[in-house]
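Data block below; observations after.
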Amino acid sequence: MIEVTRLVLDILKPHHPTILEFAKGIASLCEDWSVTLNVVEMDEQTETLEAIIEGIDINLEQITAAISDMGGSLHSVDSVQVIHVEKE
């Protein structure tokens, strides 16, 4: 079985929710995920973020839905790391 263990995403979000609230919203999806957000660009209405999500069996569809629910949009998946896990 192949599991995603790291994603780097390009996200556009409004100024509210804050970057901290946005990170907590993504991290709350799974106990085992670590979320790092970096502001890459900011204008009057929006912020462009680099999101680094690390953990076990990361679910991109779940993350995309959470981003949308918080008013943001996923622009691109810039990097991905996967591992092959033997399930018994």
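The chains in the structure tokens are called A, B, ... from first to last as shown; in each chain the residues are counted from 1, and the ligands are counted from 1 in the order shown.
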Please provide the set of residues having any atom within 8 Å of Gln81 in chain A, restricted to only C-alpha atoms, with same-chain residues fewer than 4 positions apart removed, written as a PDB file with N, CA and C atoms, in the first residue's frame.
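The resulting file, around_36.pdb, is reproduced below:
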ATOM      1  N   VAL A   4       0.823   8.638   1.486  1.00  0.00           N
ATOM      2  CA  VAL A   4       1.408   9.970   1.372  1.00  0.00           C
ATOM      3  C   VAL A   4       1.888  10.393   2.752  1.00  0.00           C
ATOM      4  N   THR A   5       3.172  10.802   2.851  1.00  0.00           N
ATOM      5  CA  THR A   5       3.732  11.192   4.144  1.00  0.00           C
ATOM      6  C   THR A   5       4.123  12.674   4.203  1.00  0.00           C
ATOM      7  N   ARG A   6       4.147  13.340   3.032  1.00  0.00           N
ATOM      8  CA  ARG A   6       4.499  14.771   3.026  1.00  0.00           C
ATOM      9  C   ARG A   6       3.919  15.422   1.782  1.00  0.00           C
ATOM     10  N   LEU A   7       3.291  16.581   1.985  1.00  0.00           N
ATOM     11  CA  LEU A   7       2.787  17.393   0.881  1.00  0.00           C
ATOM     12  C   LEU A   7       3.267  18.822   1.063  1.00  0.00           C
TER      13      LEU A   7
END
- Task: Using only C-alpha atoms, determine which residues lie at most 12 Å from Gly55 in chain A, disregarding the query and same-chain residues fewer than 5 positions distant; provide the list as a PyMOL selection string.
- Result: chain A and resi 3-7+27+29-36+80-83
- Message: List as a list in words the protein and nucleic acid residues near range 63-78 of chain A, meaning an atom at most 7 Å away when only C-alpha atoms are counted, but skip any in the same chain fewer than 4 places from it.
- Response: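 Counting only C-alpha atoms, the residues come to Val8, Leu9, Asp10, Ile11, Leu12, Lys13, Pro14, Ile26 and Asn59 of chain A.
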- Message: Going by DSSP on the backbone, which residues of chain A come out as alpha helix (DSSP H)? List them as JSON, numbers by chain.
- Response: {"A": [19, 20, 21, 22, 23, 24, 25, 26, 27, 60, 61, 62, 63, 64, 65, 66, 67, 68, 69]}
Let me see the file: selected residues, N, CA and C atoms, as a PDB file, in the first residue's frame.
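After the write, again05.pdb holds the following:
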ATOM      1  N   ILE A  19      -3.526  32.943   9.911  1.00  0.00           N
ATOM      2  CA  ILE A  19      -2.659  31.817   9.543  1.00  0.00           C
ATOM      3  C   ILE A  19      -2.655  30.759  10.651  1.00  0.00           C
ATOM      4  N   LEU A  20      -2.719  31.179  11.910  1.00  0.00           N
ATOM      5  CA  LEU A  20      -2.753  30.233  13.031  1.00  0.00           C
ATOM      6  C   LEU A  20      -4.039  29.425  13.022  1.00  0.00           C
ATOM      7  N   GLU A  21      -5.166  30.098  12.835  1.00  0.00           N
ATOM      8  CA  GLU A  21      -6.453  29.390  12.769  1.00  0.00           C
ATOM      9  C   GLU A  21      -6.497  28.449  11.564  1.00  0.00           C
ATOM     10  N   PHE A  22      -5.923  28.886  10.462  1.00  0.00           N
ATOM     11  CA  PHE A  22      -5.892  28.067   9.247  1.00  0.00           C
ATOM     12  C   PHE A  22      -5.059  26.798   9.487  1.00  0.00           C
ATOM     13  N   ALA A  23      -3.892  26.957  10.103  1.00  0.00           N
ATOM     14  CA  ALA A  23      -3.028  25.810  10.407  1.00  0.00           C
ATOM     15  C   ALA A  23      -3.726  24.837  11.352  1.00  0.00           C
ATOM     16  N   LYS A  24      -4.384  25.371  12.380  1.00  0.00           N
ATOM     17  CA  LYS A  24      -5.103  24.513  13.331  1.00  0.00           C
ATOM     18  C   LYS A  24      -6.250  23.772  12.641  1.00  0.00           C
ATOM     19  N   GLY A  25      -6.917  24.436  11.698  1.00  0.00           N
ATOM     20  CA  GLY A  25      -8.005  23.799  10.961  1.00  0.00           C
ATOM     21  C   GLY A  25      -7.534  22.605  10.161  1.00  0.00           C
ATOM     22  N   ILE A  26      -6.363  22.722   9.540  1.00  0.00           N
ATOM     23  CA  ILE A  26      -5.809  21.594   8.778  1.00  0.00           C
ATOM     24  C   ILE A  26      -5.299  20.518   9.725  1.00  0.00           C
ATOM     25  N   ALA A  27      -4.577  20.923  10.769  1.00  0.00           N
ATOM     26  CA  ALA A  27      -4.014  19.951  11.715  1.00  0.00           C
ATOM     27  C   ALA A  27      -5.092  19.162  12.442  1.00  0.00           C
ATOM     28  N   LEU A  60      -5.283  14.146   0.697  1.00  0.00           N
ATOM     29  CA  LEU A  60      -5.357  15.419  -0.013  1.00  0.00           C
ATOM     30  C   LEU A  60      -6.789  15.903  -0.187  1.00  0.00           C
ATOM     31  N   GLU A  61      -7.716  15.008  -0.454  1.00  0.00           N
ATOM     32  CA  GLU A  61      -9.111  15.410  -0.647  1.00  0.00           C
ATOM     33  C   GLU A  61      -9.682  16.031   0.629  1.00  0.00           C
ATOM     34  N   GLN A  62      -9.345  15.459   1.765  1.00  0.00           N
ATOM     35  CA  GLN A  62      -9.798  15.971   3.058  1.00  0.00           C
ATOM     36  C   GLN A  62      -9.205  17.363   3.311  1.00  0.00           C
ATOM     37  N   ILE A  63      -7.937  17.534   2.975  1.00  0.00           N
ATOM     38  CA  ILE A  63      -7.274  18.820   3.161  1.00  0.00           C
ATOM     39  C   ILE A  63      -7.879  19.874   2.228  1.00  0.00           C
ATOM     40  N   THR A  64      -8.110  19.503   0.977  1.00  0.00           N
ATOM     41  CA  THR A  64      -8.700  20.428   0.007  1.00  0.00           C
ATOM     42  C   THR A  64     -10.075  20.902   0.469  1.00  0.00           C
ATOM     43  N   ALA A  65     -10.872  19.999   1.013  1.00  0.00           N
ATOM     44  CA  ALA A  65     -12.197  20.359   1.522  1.00  0.00           C
ATOM     45  C   ALA A  65     -12.075  21.328   2.705  1.00  0.00           C
ATOM     46  N   ALA A  66     -11.123  21.091   3.608  1.00  0.00           N
ATOM     47  CA  ALA A  66     -10.936  21.972   4.762  1.00  0.00           C
ATOM     48  C   ALA A  66     -10.470  23.356   4.321  1.00  0.00           C
ATOM     49  N   ILE A  67      -9.582  23.409   3.344  1.00  0.00           N
ATOM     50  CA  ILE A  67      -9.113  24.692   2.809  1.00  0.00           C
ATOM     51  C   ILE A  67     -10.298  25.470   2.251  1.00  0.00           C
ATOM     52  N   SER A  68     -11.113  24.809   1.476  1.00  0.00           N
ATOM     53  CA  SER A  68     -12.295  25.440   0.883  1.00  0.00           C
ATOM     54  C   SER A  68     -13.277  25.907   1.958  1.00  0.00           C
ATOM     55  N   ASP A  69     -13.496  25.079   2.982  1.00  0.00           N
ATOM     56  CA  ASP A  69     -14.408  25.427   4.074  1.00  0.00           C
ATOM     57  C   ASP A  69     -13.950  26.680   4.827  1.00  0.00           C
TER      58      ASP A  69
END
